[in-house]
Amino acid sequence: MNVLIVEDEKLTALRLERLLHQYDPTIRVLAQIPSVAKTIQWLREAYNTQPDLIFWIFI
Amino acid sequence: MNPARINHLKSLQKWQLALSVVVIYLPIRVYININDFSEIEFSQRIPLWMMEIGVNVVFFFFWISILEWIQQQLFDWFGQGFLIEFKIPTQIATFIIACGLAVLFNMGFRNLWSIAESTLENQFGLTRKQSEVSAATQRMNRQQKTKTNAGLTVMAMLSAFYLASNRRAYRQLEEVQLKAERLEKENIKAQLTALKNQISPHFLFNNLSILSSLVETDPKLSVEFINRLSKAYRYILDQSDNERINLKTELEFVETYTFLLKIRFEDKLRIVVDIPEADKLRYSIVPLTLQMLVENAVKHNRMSDEQPLVVYFQSRENYLAVVNWVQPRPKNESSTGLGLQNIINRYKLLTEKPVLVTEKDESFIVKIPFLS
């Protein structure tokens, strides 16, 4: 499964990735992106693999 | 306490007041009413004087009660202001009422006196020595006495009025003072409690969550992080009972606090301190003020590598300015505004100078007055 992590705090993003891998090592984190704007940009790039799931931790 | 109600004297206090007026008033009255002391059989007069004391004390008690009632009416008409009894219309009204009552009282009392006197004469053989002065002089004397008695009674009544007012005002003042002191103490206590509660849970939770990430990626930095965290907590605990702290010490704490934040936000957050060393030593502020302002800035503003959040500390004349560019979060957390209000309230208790909060030209400025 391909996932995308949108999180502006690097440590939190890393932690989430680690937790995901603990649960299932085959999960592939496509990218960790720190902002909404960059996420939209990233998704528009044709050469990026589209994620199955986006982790978006926002208030 | 309802402010529109006057502070009523207790019944015991009214009796005391009445007695203290009578103690002065009565001897003078007796003295004036006796023309010739050689005429008087003192032992026979004692029952009459006892009666006089009793009647007078009751009368003055009654008068003070009337005054209270009148003053309550005035309060209801004119609203509060507990010194209303010292206003001229009140005084004039009191004077007129006192005059009327004094005349009535003296007429009544004269009758009572002669009844009592003749009763004593008839039943116990009290003798009145015959005066040698003529009937005309006697009548003139009596008229003079009536006037003097009325005047004296009015004086006594007015002094009762002022004594009662005085006592009431004094009591009210005491109450106000007591309340103010209590209020202030409670304010400080409540605010400190609020402050402690505010800082502790979030601060701890956030930092522990960061630590749990950090500990696996960078053990060395984790140790440093734990040290700083404990230092920050030490400061918070030490200072929460203090009213003021040296600016330098608070800034050192801000540095520690910033270190913790920067582990989390990296270069997205910058703190710039632009304060001369001399000012740092000279001035004091309320502890944890700066930390709270940084926390606020972080909470309310967006930050990214491209657009970092920069918080400036600058010392100006008599105050410290905390400035940041406003870049609001797209969906702002519902803010209670508690942190800033807390700072404003605490400064209010400590200094006349206000905490000023301005937001203009996309900059957010909080001006913290220095406590000298």
# chains A, B, ... in the order shown; residues from 1 in each chain; ligands from 1
$ interface_residues --of "chain A" --to "chain B" --cutoff "12 Å" --atoms "only C-alpha atoms" --output "PDB file with N, CA, C and O atoms, in the first residue's frame"
ATOM      1  N   GLU A   7       2.534  16.340   7.136  1.00  0.00           N
ATOM      2  CA  GLU A   7       2.777  16.721   8.533  1.00  0.00           C
ATOM      3  C   GLU A   7       3.928  17.709   8.570  1.00  0.00           C
ATOM      4  O   GLU A   7       4.972  17.479   7.980  1.00  0.00           O
ATOM      5  N   ASP A   8       3.718  18.805   9.245  1.00  0.00           N
ATOM      6  CA  ASP A   8       4.777  19.818   9.217  1.00  0.00           C
ATOM      7  C   ASP A   8       5.844  19.622  10.282  1.00  0.00           C
ATOM      8  O   ASP A   8       6.913  20.206  10.211  1.00  0.00           O
ATOM      9  N   GLU A   9       5.560  18.783  11.247  1.00  0.00           N
ATOM     10  CA  GLU A   9       6.610  18.517  12.230  1.00  0.00           C
ATOM     11  C   GLU A   9       7.325  17.232  11.839  1.00  0.00           C
ATOM     12  O   GLU A   9       6.750  16.153  11.839  1.00  0.00           O
ATOM     13  N   LYS A  10       8.589  17.389  11.508  1.00  0.00           N
ATOM     14  CA  LYS A  10       9.363  16.276  10.954  1.00  0.00           C
ATOM     15  C   LYS A  10       9.383  15.073  11.901  1.00  0.00           C
ATOM     16  O   LYS A  10       9.189  13.928  11.476  1.00  0.00           O
ATOM     17  N   LEU A  11       9.593  15.356  13.157  1.00  0.00           N
ATOM     18  CA  LEU A  11       9.696  14.259  14.126  1.00  0.00           C
ATOM     19  C   LEU A  11       8.411  13.449  14.193  1.00  0.00           C
ATOM     20  O   LEU A  11       8.440  12.225  14.292  1.00  0.00           O
ATOM     21  N   THR A  12       7.311  14.155  14.123  1.00  0.00           N
ATOM     22  CA  THR A  12       6.015  13.479  14.173  1.00  0.00           C
ATOM     23  C   THR A  12       5.813  12.622  12.925  1.00  0.00           C
ATOM     24  O   THR A  12       5.336  11.479  13.010  1.00  0.00           O
ATOM     25  N   ALA A  13       6.223  13.159  11.784  1.00  0.00           N
ATOM     26  CA  ALA A  13       6.104  12.410  10.530  1.00  0.00           C
ATOM     27  C   ALA A  13       6.940  11.134  10.582  1.00  0.00           C
ATOM     28  O   ALA A  13       6.470  10.044  10.214  1.00  0.00           O
ATOM     29  N   LEU A  14       8.166  11.284  11.077  1.00  0.00           N
ATOM     30  CA  LEU A  14       9.050  10.122  11.195  1.00  0.00           C
ATOM     31  C   LEU A  14       8.452   9.060  12.115  1.00  0.00           C
ATOM     32  O   LEU A  14       8.528   7.860  11.847  1.00  0.00           O
ATOM     33  N   ARG A  15       7.864   9.559  13.179  1.00  0.00           N
ATOM     34  CA  ARG A  15       7.288   8.641  14.162  1.00  0.00           C
ATOM     35  C   ARG A  15       6.121   7.872  13.538  1.00  0.00           C
ATOM     36  O   ARG A  15       5.979   6.661  13.729  1.00  0.00           O
ATOM     37  N   LEU A  16       5.307   8.594  12.800  1.00  0.00           N
ATOM     38  CA  LEU A  16       4.159   7.957  12.156  1.00  0.00           C
ATOM     39  C   LEU A  16       4.633   6.883  11.180  1.00  0.00           C
ATOM     40  O   LEU A  16       4.109   5.774  11.147  1.00  0.00           O
ATOM     41  N   GLU A  17       5.676   7.215  10.438  1.00  0.00           N
ATOM     42  CA  GLU A  17       6.215   6.243   9.476  1.00  0.00           C
ATOM     43  C   GLU A  17       6.692   4.986  10.205  1.00  0.00           C
ATOM     44  O   GLU A  17       6.435   3.853   9.772  1.00  0.00           O
ATOM     45  N   ARG A  18       7.375   5.205  11.309  1.00  0.00           N
ATOM     46  CA  ARG A  18       7.888   4.077  12.084  1.00  0.00           C
ATOM     47  C   ARG A  18       6.748   3.201  12.588  1.00  0.00           C
ATOM     48  O   ARG A  18       6.802   1.989  12.513  1.00  0.00           O
ATOM     49  N   LEU A  19       5.714   3.839  13.063  1.00  0.00           N
ATOM     50  CA  LEU A  19       4.565   3.087  13.577  1.00  0.00           C
ATOM     51  C   LEU A  19       3.906   2.274  12.465  1.00  0.00           C
ATOM     52  O   LEU A  19       3.522   1.129  12.664  1.00  0.00           O
ATOM     53  N   ILE A  33       5.273  15.316   3.485  1.00  0.00           N
ATOM     54  CA  ILE A  33       5.164  16.689   2.959  1.00  0.00           C
ATOM     55  C   ILE A  33       4.712  17.620   4.086  1.00  0.00           C
ATOM     56  O   ILE A  33       3.777  17.305   4.819  1.00  0.00           O
ATOM     57  N   PRO A  34       5.382  18.765   4.224  1.00  0.00           N
ATOM     58  CA  PRO A  34       5.114  19.619   5.392  1.00  0.00           C
ATOM     59  C   PRO A  34       3.939  20.593   5.241  1.00  0.00           C
ATOM     60  O   PRO A  34       3.554  21.207   6.219  1.00  0.00           O
ATOM     61  N   SER A  35       3.387  20.765   4.034  1.00  0.00           N
ATOM     62  CA  SER A  35       2.304  21.747   3.961  1.00  0.00           C
ATOM     63  C   SER A  35       1.229  21.345   2.954  1.00  0.00           C
ATOM     64  O   SER A  35       1.446  20.482   2.108  1.00  0.00           O
ATOM     65  N   VAL A  36       0.097  22.008   3.052  1.00  0.00           N
ATOM     66  CA  VAL A  36      -1.034  21.719   2.174  1.00  0.00           C
ATOM     67  C   VAL A  36      -0.690  22.088   0.736  1.00  0.00           C
ATOM     68  O   VAL A  36      -0.915  21.320  -0.201  1.00  0.00           O
ATOM     69  N   ALA A  37      -0.106  23.266   0.575  1.00  0.00           N
ATOM     70  CA  ALA A  37       0.227  23.744  -0.773  1.00  0.00           C
ATOM     71  C   ALA A  37       1.146  22.750  -1.481  1.00  0.00           C
ATOM     72  O   ALA A  37       0.930  22.397  -2.644  1.00  0.00           O
ATOM     73  N   LYS A  38       2.144  22.316  -0.723  1.00  0.00           N
ATOM     74  CA  LYS A  38       3.105  21.380  -1.324  1.00  0.00           C
ATOM     75  C   LYS A  38       2.460  20.033  -1.628  1.00  0.00           C
ATOM     76  O   LYS A  38       2.850  19.348  -2.582  1.00  0.00           O
ATOM     77  N   PHE A  58      -4.260  17.337  10.729  1.00  0.00           N
ATOM     78  CA  PHE A  58      -4.435  18.782  10.876  1.00  0.00           C
ATOM     79  C   PHE A  58      -5.529  19.107  11.881  1.00  0.00           C
ATOM     80  O   PHE A  58      -6.486  18.373  12.049  1.00  0.00           O
ATOM     81  N   ILE A  59      -5.341  20.209  12.452  1.00  0.00           N
ATOM     82  CA  ILE A  59      -6.351  20.638  13.415  1.00  0.00           C
ATOM     83  C   ILE A  59      -7.467  21.367  12.689  1.00  0.00           C
ATOM     84  O   ILE A  59      -7.241  22.001  11.690  1.00  0.00           O
TER      85      ILE A  59
END
$ residues_around --residues "Ile236 in chain B" --least-positions-apart "4" --cutoff "8 Å" --atoms "only C-alpha atoms" --output "MDAnalysis selection string"
chainID B and resid 232 240 288
$ select_by_dssp --residues "range 33-62 of chain B" --states "alpha helix (DSSP H)" --output "list of chain:residue names"
B:Asn33, B:Phe42, B:Ser43, B:Gln44, B:Arg45, B:Ile46, B:Pro47, B:Leu48, B:Trp49, B:Met50, B:Met51, B:Glu52, B:Ile53, B:Gly54, B:Val55, B:Asn56, B:Val57, B:Val58, B:Phe59, B:Phe60, B:Phe61, B:Phe62
$ residues_around --residues "Leu281 in chain B" --least-positions-apart "3" --cutoff "9 Å" --atoms "only C-alpha atoms" --output "PyMOL selection string"
chain B and resi 246-249+277-278+284
$ atom_distance --atom1 "CA of Val215 in chain B" --atom2 "CA of Glu306 in chain B"
27.6 Å
$ residues_around --residues "Asn301 in chain B" --least-positions-apart "2" --cutoff "12 Å" --atoms "only C-alpha atoms" --output "list in words"
Lys268, Leu269, Val294, Glu295, Asn296, Ala297, Val298, Lys299, Met303, Ser304, Gln307, Pro308, Leu309, Val310, Val311, Asn324, Trp325, Val326, Gln327, Pro328, Arg329, Pro330, Lys331, Asn332, Glu333, Glu362, Ser363 and Phe364 of chain B
$ select_by_dssp --residues "range 289-345 of chain B" --states "strand (DSSP E or B)" --output "JSON, numbers by chain"
{"B": [301, 309, 310, 311, 312, 313, 314, 315, 319, 320, 321, 322, 323, 324, 325, 328]}
$ residues_around --residues "range 149-161 of chain B" --least-positions-apart "5" --cutoff "6 Å" --atoms "only C-alpha atoms" --output "MDAnalysis selection string"
chainID B and resid 98:99 102:103
$ write_last_selection --atoms "C-alpha atoms" --output "CSV table (one decimal), in the first residue's frame"
chain,number,residue,atom,x,y,z
B,98,ALA,CA,-34.9,67.1,64.4
B,99,CYS,CA,-36.4,70.5,65.3
B,102,ALA,CA,-37.4,68.1,69.7
B,103,VAL,CA,-40.3,70.4,70.2
$ atom_distance --atom1 "CA of Leu350 in chain B" --atom2 "CA of Leu371 in chain B"
8.0 Å
$ atom_distance --atom1 "CA of Ile365 in chain B" --atom2 "CA of Ala321 in chain B"
6.5 Å
